[in-house]
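Novice: Input: one structure, supplied below.
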Amino acid sequence: MDLSTLAPSPFFPKFSNLLGTVYRRGNLHFTPDGNSVISPVGNRVTVFDLKNNKSETLPLAARHNITCVGLSPDGSLAILVDEEGAALLVSLIGKSVIHQFHFQKPVHCVCFSPDGRKFVITKDNVALMYHAPGKKREFNAFVLDKTYYGPYDETTCIDWTDDSKCFAVGSKDMSTWVFGAERWVNLIYYSLGGHKDAIVACFFEENSLDLYTISQDGALCVWQCDTDLDGLKPRPPKDRAEDKNESIENLGEEFIEEPKGEEIHGKATTNEKERRDKVKYSRAAKYFFNKEGDFNNLTSAAYHRKTHLLVTGFASGIFHLHELPEFNLIHSLSISDQRIATISINSTGDWIAFGCSGLGQLLVWEWQSESYVLKQQGHFNSMVSLAYSPDGQYLVTGGDDGKVKVWNTSSSFCFVTFTEHTSSISAVTFTSTGYVILSASLDGTVRAFDLHRYRNFRTFTSPRPAQFSCLAVDSSGEIISAGSQDSFDIFVWSMQSGRLLDVLSGHEGPISSLCFNPMKSILASASWDKTVRLWDMFDSWRTKETLTLNSDVLVVAFRPDGNELAVAALDGQITFWDHENAVQTGSIEGRHDLQMGRKELDKITAKQSAKAKSFTTLCYSADGQSILAGGLSKFVCIYHVKEQILMKKFEISCNLSLDAMEEYLDRRKMTEFGSMALIDDGAGDEDGVAIALPGVKRGDMSSRHFKPEIRVTCLRFSPTGRSWAATTTEGLLIYSLDSGLIFDPFELDIDITPSSVHKVLSQKEYTMAIVMAFRLNEKKLIQEVIETVPCNEVDVVCSSLPELYVEKVLEFLASAFETSHHLEFYLTWAQRLLMLHGQKLKTRSGKLLPMIQFLQKSIQRHFEDVSKLCEWNRYNIKYALAISQQRGMKRPAETSVSEEELEDSNSDYLMEEASVHS
């Protein structure tokens, strides 16, 4: 059977973006132009474009959570290193993985040299210098150049000199080491002390070997070097063998020149003979951050050499801005009450990025104007529920932290957060207008939020306290219903008055799911008492029908046309019902497709544990032909409803830092003392606490380390039919048809080629050229053909288009509105097509609804942007008139500007702007 004929689209969606999480752990990086921030989010990387107000998650993933990010000076390459030491070499231009490498142990820091020829990584107490890839052709991307030994404890930070001749490495043993990237005669290594706590950061001064070192106890040491960068003497090539033998005698170490690289062993104490004619450092000053005693734990720091700006972050959420080397305090501000995990400064020194791993917070601060450029925070705990707005432009999510967040699907940013709930959110939804959000919570309230004024304007409560587990709103937006976990009742309120209309009783178990029929006022309620009840909202709230199943019912969903009901039960089955006649029309055995992973402490394989698993969330596609299903698993299954077969399984994550990911039992991890997963072999948390609490095991929620379990809590299809979203342990994942380059022709002929399309176009046979371009289905070619049609020919072409291609042109226009600036031109196309073919399209409105909603979403977004511009222009003109009148510059009566003339001039201005763009 050809699955492409069954799919709702000729090809399946690809991973498009990750919302809901902006930062987890690791270091932040600004791109070389200073306009974007690269942030590690779990096992993925997100690029936040601050200039264009957009974010994009790269379509690649590591096997564990990313802890280190190294960015090349030209911004084209990045090295991503995860918790286990596995590295990915990524092209930021092609957004793809070029090379994979394993450093065998956790890496603390990665840093490219300013000339881009080398990069240094630190692990344990060793610094490894590699040849950077991309500068010349090489068989192996990572070639080890030198290995540097010196510190006795773990290394923490790296910094290079401006000319890439030397680099400094800080360590937890309170020492800082300066190493030569080449074997200089007067500088092989140098050890600096002077601190009483672990080194957090070290920075070279601009075009100098002078150094700043900062320790965890809030001390800053300023080191002056007696030699300039130009004073470093290179070792002559002819003396290489002699120098090698001399080094072996002096250091008492055996150097073996092998392909693995040269080794350099440093000693903290050297004799007078070795110091002669070498580079010398002296401490010029020592400063303390904690003079007031308020801040005692410095956690991160960044330094901008050109402006001499030092930024330091503390465990209390406070950050300081100092000017070096005088140590003048510029600012002292607090951004949160959580520790600042990482700091980065952009190339111009204007913007400072802060990452707080405790709250998952990412901030970009413009220090000169003292304002936020970006302030984003994901859900503190896992997300539980999501909903699309009717036009697909916004997404709302509810989390266990009691917050309701609204996200823009175009920019991927959260633009409003509602914090009125005091307990976990169990369900969220939009009303049909798209301007009201409803949320149900375990705190016993259902709240309505207004997206015009960003406020909670209605709060619905029950006569006696109840924990609401599910929520539904009818198609008119007037009737709100919520199901209770403890009283087994369904509460119904009026949106208009806020009054409780009725309490529907009859279920004998907790209410697990509610859903309104989109076309009729019929409410379906699912319960753990193995029944689904259908309630008629217009007929005295009576039970219209009761559907009995073999197991506890977990979720119900109506098809978009309201003619079918899908029910998922605890036995892993999805059943389909004709609810008008109470007849089951089909079923899908989904237990084997769910394919659960085994937990870390399970003693059985994933195959055995999946026998008791089931789907906990269902969602129909926009056209109703397919259904999405997910649960406590890393897989989302998409089934064809009519054929009742599995079309595709989407693997949500490959992140082994999450629990329930592995499928097979690894006997090597089972010892005589129990599972290796119970043993915490790390050095404690990031604050340096290495001693665990007595009796606390790893994996227990009260311990310092636990692995969250991978699960899909909610699935929703976009009303536009172009994408679907899932709330998971990793965040809010969006899968879209609009991402990726896929050649997907339509009724292709051997004669249809790009050259033949251009030939027909040159003959001004526009309708034929459009038809041929759509048959070839190349987006750029279609755009070229449509934009070649003169404005005065649009009416003729639209009237002569075949009916089949009208839908395709409208769908192309909807996607073109997302990126194009030719607003007036494309609006003319859309208007003429809908005017000429509207009656024929109306007969198939059910099938075409997702495409029309996609078009509406695109036009609505531009309408909002342009209307804001209009209001701003009108305000400016009125203000200018008011000022001129106030100053006595009275204009003659015949030249006064009326309100009508103002509106006319404004509309003329907009038309001119649109024509300029087109």
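Naming scheme: A, B, ... for chains in displayed order of the structure tokens; residues 1 onward per chain; ligands 1 onward as shown.
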Which residues are close to Phe103 of chain A, i.e. within 8 Å by only C-alpha atoms, leaving aside same-chain residues fewer than 4 positions away? Reply as a list in words.
Specialist: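 Residues near the query, excluding close chain neighbours: Gly85, Ala86, Ala87 and Val107 of chain A.
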Novice: Among segment 712-908 of chain A, which ones does DSSP place in strand (DSSP E or B), written as an NGL selection string?
Specialist: :A and (712-717 or 723-728 or 732-736)
Novice: So, counting only C-alpha atoms, which residue among A:Phe430, A:Tyr454, A:Phe203, A:Phe139 is closest to Tyr388 of chain A?
Specialist: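 Closest residue, counting only C-alpha atoms: A:Phe430.
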Novice: Taking only C-alpha atoms into account, which of A:Val279, A:Val37, A:Ala816, A:Leu632 comes nearest Gln224 of chain A?
Specialist: A:Val279
Novice: Please give the complete set of residues from segment 88-277 of chain A that DSSP, run on the backbone, assigns to alpha helix (DSSP H), formatted as a PyMOL selection string.
Specialist: chain A and resi 240-251+272-275
Novice: Would you output that residue set with all heavy atoms, as a short mmCIF file (atom, residue, chain, number, x, y, z; two decimals), in the first residue's frame?
Specialist:
```cif
data_model
loop_
_atom_site.label_atom_id
_atom_site.label_comp_id
_atom_site.auth_asym_id
_atom_site.auth_seq_id
_atom_site.Cartn_x
_atom_site.Cartn_y
_atom_site.Cartn_z
N ARG A 240 65.47 22.18 17.58
CA ARG A 240 64.31 21.44 18.09
C ARG A 240 64.73 20.18 18.84
O ARG A 240 64.29 19.93 19.94
CB ARG A 240 63.37 21.08 16.93
CG ARG A 240 62.08 20.47 17.36
CD ARG A 240 61.14 20.27 16.18
NE ARG A 240 59.89 19.67 16.60
CZ ARG A 240 58.86 20.35 17.07
NH1 ARG A 240 58.93 21.65 17.19
NH2 ARG A 240 57.76 19.73 17.43
N ALA A 241 65.66 19.41 18.25
CA ALA A 241 66.09 18.15 18.89
C ALA A 241 66.87 18.43 20.16
O ALA A 241 66.67 17.79 21.19
CB ALA A 241 66.93 17.34 17.91
N GLU A 242 67.77 19.45 20.11
CA GLU A 242 68.56 19.78 21.30
C GLU A 242 67.65 20.27 22.42
O GLU A 242 67.78 19.90 23.57
CB GLU A 242 69.57 20.87 20.96
CG GLU A 242 70.61 20.43 19.93
CD GLU A 242 71.46 21.60 19.45
OE1 GLU A 242 71.41 22.64 20.13
OE2 GLU A 242 72.14 21.47 18.43
N ASP A 243 66.70 21.14 22.04
CA ASP A 243 65.78 21.69 23.05
C ASP A 243 64.91 20.61 23.66
O ASP A 243 64.60 20.64 24.84
CB ASP A 243 64.91 22.76 22.40
CG ASP A 243 64.22 23.61 23.45
OD1 ASP A 243 64.89 23.98 24.42
OD2 ASP A 243 63.02 23.89 23.28
N LYS A 244 64.58 19.62 22.81
CA LYS A 244 63.76 18.52 23.30
C LYS A 244 64.52 17.72 24.34
O LYS A 244 64.00 17.41 25.42
CB LYS A 244 63.36 17.64 22.11
CG LYS A 244 62.57 16.41 22.49
CD LYS A 244 62.27 15.61 21.24
CE LYS A 244 61.73 14.25 21.65
NZ LYS A 244 61.51 13.39 20.50
N ASN A 245 65.82 17.43 24.04
CA ASN A 245 66.63 16.67 25.00
C ASN A 245 66.84 17.45 26.28
O ASN A 245 66.79 16.91 27.38
CB ASN A 245 67.98 16.31 24.37
CG ASN A 245 67.82 15.35 23.20
OD1 ASN A 245 66.87 14.58 23.18
ND2 ASN A 245 68.74 15.41 22.23
N GLU A 246 67.04 18.79 26.12
CA GLU A 246 67.24 19.64 27.29
C GLU A 246 66.00 19.67 28.17
O GLU A 246 66.07 19.60 29.40
CB GLU A 246 67.59 21.06 26.83
CG GLU A 246 67.94 22.00 27.97
CD GLU A 246 68.20 23.41 27.46
OE1 GLU A 246 68.39 23.57 26.24
OE2 GLU A 246 68.18 24.32 28.29
N SER A 247 64.84 19.72 27.52
CA SER A 247 63.58 19.75 28.27
C SER A 247 63.39 18.45 29.03
O SER A 247 62.93 18.44 30.16
CB SER A 247 62.41 19.97 27.32
OG SER A 247 62.56 21.19 26.67
N ILE A 248 63.77 17.35 28.37
CA ILE A 248 63.61 16.04 29.04
C ILE A 248 64.49 15.97 30.28
O ILE A 248 64.07 15.52 31.35
CB ILE A 248 63.95 14.91 28.05
CG1 ILE A 248 62.91 14.86 26.93
CG2 ILE A 248 64.03 13.57 28.75
CD1 ILE A 248 63.26 13.94 25.80
N GLU A 249 65.73 16.49 30.18
CA GLU A 249 66.63 16.46 31.34
C GLU A 249 66.12 17.37 32.45
O GLU A 249 66.12 17.01 33.62
CB GLU A 249 68.02 16.92 30.90
CG GLU A 249 68.73 15.92 29.99
CD GLU A 249 70.01 16.50 29.42
OE1 GLU A 249 70.42 17.58 29.90
OE2 GLU A 249 70.57 15.89 28.49
N ASN A 250 65.69 18.58 32.05
CA ASN A 250 65.24 19.55 33.06
C ASN A 250 63.99 19.10 33.78
O ASN A 250 63.89 19.21 35.00
CB ASN A 250 64.97 20.90 32.40
CG ASN A 250 66.26 21.57 31.95
OD1 ASN A 250 67.34 21.20 32.42
ND2 ASN A 250 66.14 22.53 31.06
N LEU A 251 63.00 18.60 33.01
CA LEU A 251 61.70 18.29 33.60
C LEU A 251 61.62 16.89 34.15
O LEU A 251 60.72 16.56 34.90
CB LEU A 251 60.60 18.48 32.55
CG LEU A 251 60.45 19.89 31.99
CD1 LEU A 251 59.41 19.88 30.89
CD2 LEU A 251 60.06 20.85 33.08
N GLU A 272 66.19 28.94 40.13
CA GLU A 272 66.63 30.24 39.64
C GLU A 272 67.18 30.16 38.22
O GLU A 272 67.02 31.07 37.41
CB GLU A 272 67.70 30.81 40.59
CG GLU A 272 68.01 32.28 40.38
CD GLU A 272 66.81 33.16 40.68
OE1 GLU A 272 66.05 32.86 41.63
OE2 GLU A 272 66.62 34.15 39.96
N LYS A 273 67.81 29.04 37.92
CA LYS A 273 68.42 28.87 36.60
C LYS A 273 67.35 28.85 35.51
O LYS A 273 67.50 29.43 34.43
CB LYS A 273 69.23 27.57 36.59
CG LYS A 273 69.91 27.30 35.25
CD LYS A 273 70.61 25.94 35.28
CE LYS A 273 71.18 25.62 33.91
NZ LYS A 273 71.79 24.26 33.89
N GLU A 274 66.21 28.17 35.79
CA GLU A 274 65.14 28.09 34.80
C GLU A 274 64.41 29.42 34.63
O GLU A 274 63.85 29.69 33.58
CB GLU A 274 64.14 27.00 35.20
CG GLU A 274 64.71 25.59 35.07
CD GLU A 274 63.74 24.53 35.55
OE1 GLU A 274 62.66 24.91 36.03
OE2 GLU A 274 64.06 23.35 35.45
N ARG A 275 64.41 30.24 35.69
CA ARG A 275 63.70 31.53 35.60
C ARG A 275 64.46 32.58 34.79
O ARG A 275 63.88 33.54 34.33
CB ARG A 275 63.47 32.09 37.01
CG ARG A 275 62.45 31.32 37.83
CD ARG A 275 62.26 31.98 39.16
NE ARG A 275 61.61 31.09 40.10
CZ ARG A 275 61.57 31.27 41.41
NH1 ARG A 275 62.19 32.32 41.93
NH2 ARG A 275 60.95 30.43 42.20
#
```
Novice: Please provide the set of residues having any atom within 7 Å of Leu58 of chain A, restricted to only C-alpha atoms, with same-chain residues fewer than 3 positions apart removed, written as a short mmCIF file (atom, residue, chain, number, x, y, z; two decimals) with all heavy atoms, in the first residue's frame.
Specialist:
```
data_model
loop_
_atom_site.label_atom_id
_atom_site.label_comp_id
_atom_site.auth_asym_id
_atom_site.auth_seq_id
_atom_site.Cartn_x
_atom_site.Cartn_y
_atom_site.Cartn_z
N VAL A 45 20.56 23.36 20.48
CA VAL A 45 21.09 24.72 20.54
C VAL A 45 20.10 25.65 19.85
O VAL A 45 19.63 25.37 18.75
CB VAL A 45 22.47 24.80 19.86
CG1 VAL A 45 22.87 26.23 19.63
CG2 VAL A 45 23.52 24.13 20.71
N THR A 46 19.80 26.77 20.51
CA THR A 46 18.87 27.76 19.97
C THR A 46 19.63 29.05 19.69
O THR A 46 20.45 29.48 20.51
CB THR A 46 17.72 28.03 20.93
OG1 THR A 46 17.03 26.80 21.21
CG2 THR A 46 16.72 29.01 20.34
N LYS A 95 23.70 24.58 9.14
CA LYS A 95 22.89 24.04 10.25
C LYS A 95 22.90 22.51 10.24
O LYS A 95 21.86 21.86 10.32
CB LYS A 95 21.45 24.56 10.17
CG LYS A 95 21.37 26.07 10.29
CD LYS A 95 20.01 26.60 9.99
CE LYS A 95 20.01 28.12 9.94
NZ LYS A 95 18.75 28.70 9.50
#
```
Novice: Just the number, please: distance in Å from atom CA of Gln783 of chain A to atom CA of Ser736 of chain A, one decimal.
Specialist: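 Atom CA of Gln783 of chain A sits 20.5 Å away from atom CA of Ser736 of chain A.
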